[in-house]
Amino acid sequence: MNRPTIRLLAAAAALILLAGCGKAEEKKAEAPAAAQRTVNITTAQATGRDMPMIEETVGRLEDDRATTLAAEVPGTVVLMAVEEGESVRRGQLLARLDAADMQAAANINSAQLQVQQKQVERLRVLAAKQFVSQSALEQAEAQLTAMREQSSTSKHNVGRTEIRAPFNGVVQARFAAAGDYLGVGKPILTLAGSGGELAAVIPFPETESRLKVGQKVRLHLAADPDTVVESTISQLTPMVGEGSGSFEARARLAHAAGWRAGGSVVAEVILAEKSGAVAVPQAALVLRPAGEVVYLLAGNKVKAQAVRSGVVRDGWVEIVAGLHGGETVAAEGAAFLTDGASVRIANSDAKPAGAAQ
């Protein structure tokens, strides 16, 4: 390699080195600018609030008048006249069983009864003339009484093939369909009262030992969280068939327009009230790898403060450790902060940490 070529390569290497150094200097200049980025925030005061301790769960609505109607005679269902959720009136036909066999039995018993009635009448005439003994007449009369009862029962069984509503209500559940054969006692449908008093049945785990009769409970339908009905726990009972110790709370609802038995309900039981708990808006609490923090306002910067949270309610979170109350914390925008970050405050009620309250 000749000397001119060596000189050219050396010059090129020097230019590359200088260019790299220039870029490094540019990055060093950009780093402080990035660290000094200003974050827009709003602020709020850590303040004392009454924070209810609430247990939330999903329960079901029941009607204390709910009745399960069952087959009183065996037979095949020939008609189911109502559907689940349908409103019915007292005396309305709900279902019908095949009455052919029952009617045939009633006709036979009626015919036999007429024959026995005539037989007794004849024996009475003969007994009066002493052509037959008194005991023979009494035996025939006893048979007549038994046959009358049998005939009455068979006629009543014909009527039992029609299942009618015992009161005004709503079909809560249906267990049979046309074509089903039902034995005596087989359930056909459950009828709940309409416009009557409902009860919310609310399941809880055995670990929740703070529930007591008389505690307040707030209820709403899942599809309508804004319509809240308040009640109190009237009864606590173990769950049937549960071996885990779980139990159910029961709360009565005298006024719940549009609510129906069989539906689901969201229940919030107020276990206790924490008076004057230190609380901040939920947006102020940020979860970092090291744990929960809030950012205290210090001039135009913020300082990270480790905290421990408690109850959350209505957009506020209780701070059980780390704050004493009165501190100004970053609210909206807190999730984008780091310790020592510069901030621009959107609201005007901010006070630096340590300022007189």
# chains A, B, ... in the order shown; residues from 1 in each chain; ligands from 1
$ select_by_dssp --residues "stretch 103-251 of chain A" --states "helix (DSSP H, G or I)" --output "count of residues only"
53
$ residues_around --residues "A:Lys301" --least-positions-apart "6" --cutoff "7 Å" --atoms "only C-alpha atoms" --output "list in words"
Gly340, Ala341, Ser342 and Val343 of chain A
$ select_by_dssp --residues "stretch 17-208 of chain A" --states "strand (DSSP E)" --output "VMD selection string"
chain A and resid 38 to 41 43 to 45 47 to 63 67 to 70 75 to 80 87 to 88 93 to 97 162 to 164 169 to 174 181 to 182 187 to 193 198 to 204
$ residues_around --residues "A:His324" --least-positions-apart "4" --cutoff "12 Å" --atoms "only C-alpha atoms" --output "list in words"
Gln45, Ala46, Thr47, Gly48, Gly276, Ala277, Val278, Ala279, Val280, Gln305, Val307, Glu318, Ile319, Val320, Thr328, Ala353 and Gly354 of chain A
$ write_last_selection --atoms "C-alpha atoms" --output "PDB file, in the first residue's frame"
ATOM      1  CA  GLN A  45     -56.219  17.222  48.838  1.00  0.00           C
ATOM      2  CA  ALA A  46     -55.824  14.112  50.968  1.00  0.00           C
ATOM      3  CA  THR A  47     -58.925  14.628  53.059  1.00  0.00           C
ATOM      4  CA  GLY A  48     -60.980  12.966  55.760  1.00  0.00           C
ATOM      5  CA  GLY A 276     -62.804  10.490  58.936  1.00  0.00           C
ATOM      6  CA  ALA A 277     -60.597   8.094  56.972  1.00  0.00           C
ATOM      7  CA  VAL A 278     -57.765   9.758  55.001  1.00  0.00           C
ATOM      8  CA  ALA A 279     -58.693   9.384  51.332  1.00  0.00           C
ATOM      9  CA  VAL A 280     -57.502  10.523  47.896  1.00  0.00           C
ATOM     10  CA  GLN A 305     -44.670   8.848  48.619  1.00  0.00           C
ATOM     11  CA  VAL A 307     -48.628   4.422  50.805  1.00  0.00           C
ATOM     12  CA  GLU A 318     -58.702   5.139  51.700  1.00  0.00           C
ATOM     13  CA  ILE A 319     -55.008   5.557  52.588  1.00  0.00           C
ATOM     14  CA  VAL A 320     -54.292   3.570  55.739  1.00  0.00           C
ATOM     15  CA  THR A 328     -51.727  17.936  48.070  1.00  0.00           C
ATOM     16  CA  ALA A 353     -46.358  19.664  50.474  1.00  0.00           C
ATOM     17  CA  GLY A 354     -45.677  21.125  53.880  1.00  0.00           C
TER      18      GLY A 354
END
$ residues_around --residues "A:Pro166" --least-positions-apart "6" --cutoff "10 Å" --atoms "only C-alpha atoms" --output "MDAnalysis selection string"
chainID A and resid 67 69 88:92 191 193
$ residues_around --residues "A:Gly262" --least-positions-apart "2" --cutoff "10 Å" --atoms "only C-alpha atoms" --output "NGL selection string"
:A and (60-63 or 85 or 171-173 or 192 or 200 or 259-260 or 264-265)
$ write_last_selection --atoms "N, CA and C atoms" --output "mmCIF file, in the first residue's frame"
data_model
loop_
_atom_site.group_PDB
_atom_site.id
_atom_site.type_symbol
_atom_site.label_atom_id
_atom_site.label_comp_id
_atom_site.auth_asym_id
_atom_site.auth_seq_id
_atom_site.Cartn_x
_atom_site.Cartn_y
_atom_site.Cartn_z
ATOM 1 N N ARG A 60 -80.283 -13.478 44.342
ATOM 2 C CA ARG A 60 -81.471 -13.732 43.525
ATOM 3 C C ARG A 60 -82.700 -13.186 44.241
ATOM 4 N N LEU A 61 -83.729 -12.904 43.459
ATOM 5 C CA LEU A 61 -84.979 -12.405 44.006
ATOM 6 C C LEU A 61 -85.976 -13.550 44.132
ATOM 7 N N GLU A 62 -86.616 -13.617 45.286
ATOM 8 C CA GLU A 62 -87.632 -14.636 45.520
ATOM 9 C C GLU A 62 -88.904 -13.965 46.020
ATOM 10 N N ASP A 63 -90.004 -14.668 45.860
ATOM 11 C CA ASP A 63 -91.287 -14.209 46.368
ATOM 12 C C ASP A 63 -91.699 -15.146 47.500
ATOM 13 N N GLY A 85 -92.453 -16.245 32.939
ATOM 14 C CA GLY A 85 -92.504 -14.787 32.900
ATOM 15 C C GLY A 85 -93.872 -14.222 32.602
ATOM 16 N N VAL A 171 -95.622 -16.557 36.284
ATOM 17 C CA VAL A 171 -95.026 -17.890 36.150
ATOM 18 C C VAL A 171 -93.510 -17.739 36.283
ATOM 19 N N GLN A 172 -92.982 -18.209 37.385
ATOM 20 C CA GLN A 172 -91.552 -18.065 37.668
ATOM 21 C C GLN A 172 -90.721 -19.157 36.993
ATOM 22 N N ALA A 173 -91.270 -20.363 36.931
ATOM 23 C CA ALA A 173 -90.545 -21.486 36.303
ATOM 24 C C ALA A 173 -91.558 -22.490 35.782
ATOM 25 N N ALA A 192 -95.254 -17.232 41.244
ATOM 26 C CA ALA A 192 -94.897 -16.221 42.246
ATOM 27 C C ALA A 192 -95.935 -15.123 42.233
ATOM 28 N N ALA A 200 -84.666 -10.604 48.748
ATOM 29 C CA ALA A 200 -83.372 -10.811 48.107
ATOM 30 C C ALA A 200 -82.614 -11.845 48.921
ATOM 31 N N TRP A 259 -89.407 -5.113 39.546
ATOM 32 C CA TRP A 259 -88.546 -6.251 39.891
ATOM 33 C C TRP A 259 -89.405 -7.503 39.982
ATOM 34 N N ARG A 260 -88.830 -8.629 39.526
ATOM 35 C CA ARG A 260 -89.601 -9.866 39.510
ATOM 36 C C ARG A 260 -88.841 -10.993 40.182
ATOM 37 N N SER A 264 -81.881 -11.813 38.968
ATOM 38 C CA SER A 264 -80.650 -11.606 39.730
ATOM 39 C C SER A 264 -80.601 -10.175 40.254
ATOM 40 N N VAL A 265 -79.921 -9.991 41.371
ATOM 41 C CA VAL A 265 -79.803 -8.675 41.975
ATOM 42 C C VAL A 265 -78.400 -8.511 42.540
#
$ closest_residue --among "A:Asp50, A:Asp224, A:Asp339, A:Glu141" --to "A:Lys303" --atoms "only C-alpha atoms"
A:Asp339
$ residues_around --residues "stretch 247-251 of chain A" --least-positions-apart "5" --cutoff "6 Å" --atoms "only C-alpha atoms" --output "list in words"
Ala199, Ala200, Val201, Ile202, Pro203, Phe204, Thr232, Ile233, Ser234, Gln235, Leu236, Thr237, Pro238 and Met239 of chain A
$ closest_atom_pairs --of "stretch 313-349 of chain A" --to "stretch 290-297 of chain A" --cutoff "9 Å" --atoms "only C-alpha atoms" --output "JSON lines"
{"residue": "A:Gly322", "atom": "CA", "partner": "A:Val293", "partner_atom": "CA", "distance": 8.8}
{"residue": "A:Glu327", "atom": "CA", "partner": "A:Leu296", "partner_atom": "CA", "distance": 7.0}
{"residue": "A:Thr328", "atom": "CA", "partner": "A:Leu297", "partner_atom": "CA", "distance": 5.8}
{"residue": "A:Val329", "atom": "CA", "partner": "A:Leu296", "partner_atom": "CA", "distance": 4.5}
{"residue": "A:Ala330", "atom": "CA", "partner": "A:Tyr295", "partner_atom": "CA", "distance": 5.5}
{"residue": "A:Ala331", "atom": "CA", "partner": "A:Tyr295", "partner_atom": "CA", "distance": 8.4}
{"residue": "A:Ala334", "atom": "CA", "partner": "A:Tyr295", "partner_atom": "CA", "distance": 6.9}
{"residue": "A:Leu337", "atom": "CA", "partner": "A:Tyr295", "partner_atom": "CA", "distance": 7.8}
{"residue": "A:Thr338", "atom": "CA", "partner": "A:Tyr295", "partner_atom": "CA", "distance": 8.2}
{"residue": "A:Asp339", "atom": "CA", "partner": "A:Tyr295", "partner_atom": "CA", "distance": 7.6}
{"residue": "A:Val343", "atom": "CA", "partner": "A:Leu297", "partner_atom": "CA", "distance": 8.8}
$ closest_residue --among "A:Ile41, A:Leu198, A:Met53, A:Ala261" --to "A:Arg210" --atoms "only C-alpha atoms"
A:Met53
$ atom_distance --atom1 "atom CA of A:Ala177" --atom2 "atom CA of A:Leu79"
7.6 Å
$ residues_around --residues "A:Gln150" --least-positions-apart "4" --cutoff "10 Å" --atoms "only C-alpha atoms" --output "JSON, numbers by chain"
{"A": [105, 106, 109, 110, 113, 144, 145, 146, 154, 155, 156]}
$ write_last_selection --atoms "C-alpha atoms" --output "short mmCIF file (atom, residue, chain, number, x, y, z; two decimals), in the first residue's frame"
data_model
loop_
_atom_site.label_atom_id
_atom_site.label_comp_id
_atom_site.auth_asym_id
_atom_site.auth_seq_id
_atom_site.Cartn_x
_atom_site.Cartn_y
_atom_site.Cartn_z
CA ALA A 105 -113.73 -44.05 36.01
CA ALA A 106 -116.12 -41.30 37.09
CA ASN A 109 -118.70 -45.05 39.55
CA SER A 110 -121.70 -42.85 38.82
CA LEU A 113 -123.93 -45.53 42.46
CA LEU A 144 -124.08 -46.93 49.25
CA THR A 145 -122.16 -44.49 51.46
CA ALA A 146 -118.82 -45.90 50.33
CA SER A 154 -113.55 -39.77 40.85
CA LYS A 155 -115.46 -36.63 39.81
CA HIS A 156 -113.02 -34.50 41.80
#
$ atom_distance --atom1 "atom CA of A:Thr76" --atom2 "atom CA of A:Thr190"
18.7 Å
$ atom_distance --atom1 "atom CA of A:Ile345" --atom2 "atom CA of A:Pro281"
16.1 Å
$ closest_residue --among "A:Val286, A:Val39, A:Val77, A:Val311" --to "A:Asp180" --atoms "only C-alpha atoms"
A:Val77
$ closest_residue --among "A:Ala128, A:Ala335, A:Leu211, A:Ala44" --to "A:Asn347" --atoms "only C-alpha atoms"
A:Ala44
$ closest_atom_pairs --of "stretch 30-138 of chain A" --to "stretch 219-222 of chain A" --cutoff "12 Å" --atoms "only C-alpha atoms" --output "tab-separated table"
residue	atom	partner	partner_atom	distance
A:Glu55	CA	A:Leu219	CA	11.8
A:Glu56	CA	A:Leu219	CA	9.7
A:Thr57	CA	A:Leu219	CA	9.9
A:Val58	CA	A:Ala222	CA	9.0
A:Gly59	CA	A:Leu219	CA	9.4
A:Arg60	CA	A:Leu221	CA	10.0
A:Leu61	CA	A:Leu221	CA	10.1
$ decode --residues "stretch 136-152 of chain A" --atoms "N, CA and C atoms" --output "mmCIF file, in the first residue's frame"
data_model
loop_
_atom_site.group_PDB
_atom_site.id
_atom_site.type_symbol
_atom_site.label_atom_id
_atom_site.label_comp_id
_atom_site.auth_asym_id
_atom_site.auth_seq_id
_atom_site.Cartn_x
_atom_site.Cartn_y
_atom_site.Cartn_z
ATOM 1 N N ALA A 136 -129.317 -56.695 56.718
ATOM 2 C CA ALA A 136 -129.104 -56.673 55.265
ATOM 3 C C ALA A 136 -129.268 -55.255 54.718
ATOM 4 N N LEU A 137 -130.280 -54.554 55.257
ATOM 5 C CA LEU A 137 -130.487 -53.155 54.833
ATOM 6 C C LEU A 137 -129.308 -52.283 55.241
ATOM 7 N N GLU A 138 -128.866 -52.456 56.469
ATOM 8 C CA GLU A 138 -127.735 -51.628 56.953
ATOM 9 C C GLU A 138 -126.481 -51.883 56.140
ATOM 10 N N GLN A 139 -126.240 -53.138 55.767
ATOM 11 C CA GLN A 139 -125.065 -53.453 54.953
ATOM 12 C C GLN A 139 -125.161 -52.771 53.589
ATOM 13 N N ALA A 140 -126.329 -52.775 52.987
ATOM 14 C CA ALA A 140 -126.520 -52.132 51.679
ATOM 15 C C ALA A 140 -126.342 -50.618 51.799
ATOM 16 N N GLU A 141 -126.825 -50.046 52.878
ATOM 17 C CA GLU A 141 -126.681 -48.598 53.078
ATOM 18 C C GLU A 141 -125.212 -48.211 53.280
ATOM 19 N N ALA A 142 -124.454 -49.063 53.968
ATOM 20 C CA ALA A 142 -123.022 -48.799 54.154
ATOM 21 C C ALA A 142 -122.293 -48.826 52.813
ATOM 22 N N GLN A 143 -122.703 -49.814 51.957
ATOM 23 C CA GLN A 143 -122.096 -49.877 50.625
ATOM 24 C C GLN A 143 -122.445 -48.633 49.808
ATOM 25 N N LEU A 144 -123.659 -48.136 49.966
ATOM 26 C CA LEU A 144 -124.081 -46.929 49.249
ATOM 27 C C LEU A 144 -123.239 -45.723 49.676
ATOM 28 N N THR A 145 -122.985 -45.606 50.965
ATOM 29 C CA THR A 145 -122.158 -44.489 51.462
ATOM 30 C C THR A 145 -120.749 -44.548 50.891
ATOM 31 N N ALA A 146 -120.179 -45.744 50.871
ATOM 32 C CA ALA A 146 -118.819 -45.900 50.334
ATOM 33 C C ALA A 146 -118.783 -45.568 48.841
ATOM 34 N N MET A 147 -119.831 -46.006 48.123
ATOM 35 C CA MET A 147 -119.853 -45.745 46.687
ATOM 36 C C MET A 147 -120.057 -44.261 46.391
ATOM 37 N N ARG A 148 -120.801 -43.567 47.256
ATOM 38 C CA ARG A 148 -120.957 -42.119 47.095
ATOM 39 C C ARG A 148 -119.604 -41.405 47.232
ATOM 40 N N GLU A 149 -118.832 -41.818 48.211
ATOM 41 C CA GLU A 149 -117.508 -41.217 48.412
ATOM 42 C C GLU A 149 -116.595 -41.504 47.230
ATOM 43 N N GLN A 150 -116.673 -42.747 46.728
ATOM 44 C CA GLN A 150 -115.838 -43.120 45.590
ATOM 45 C C GLN A 150 -116.227 -42.320 44.349
ATOM 46 N N SER A 151 -117.509 -42.135 44.143
ATOM 47 C CA SER A 151 -117.981 -41.387 42.983
ATOM 48 C C SER A 151 -117.579 -39.916 43.096
ATOM 49 N N SER A 152 -117.673 -39.374 44.302
ATOM 50 C CA SER A 152 -117.291 -37.973 44.510
ATOM 51 C C SER A 152 -115.797 -37.778 44.244
#
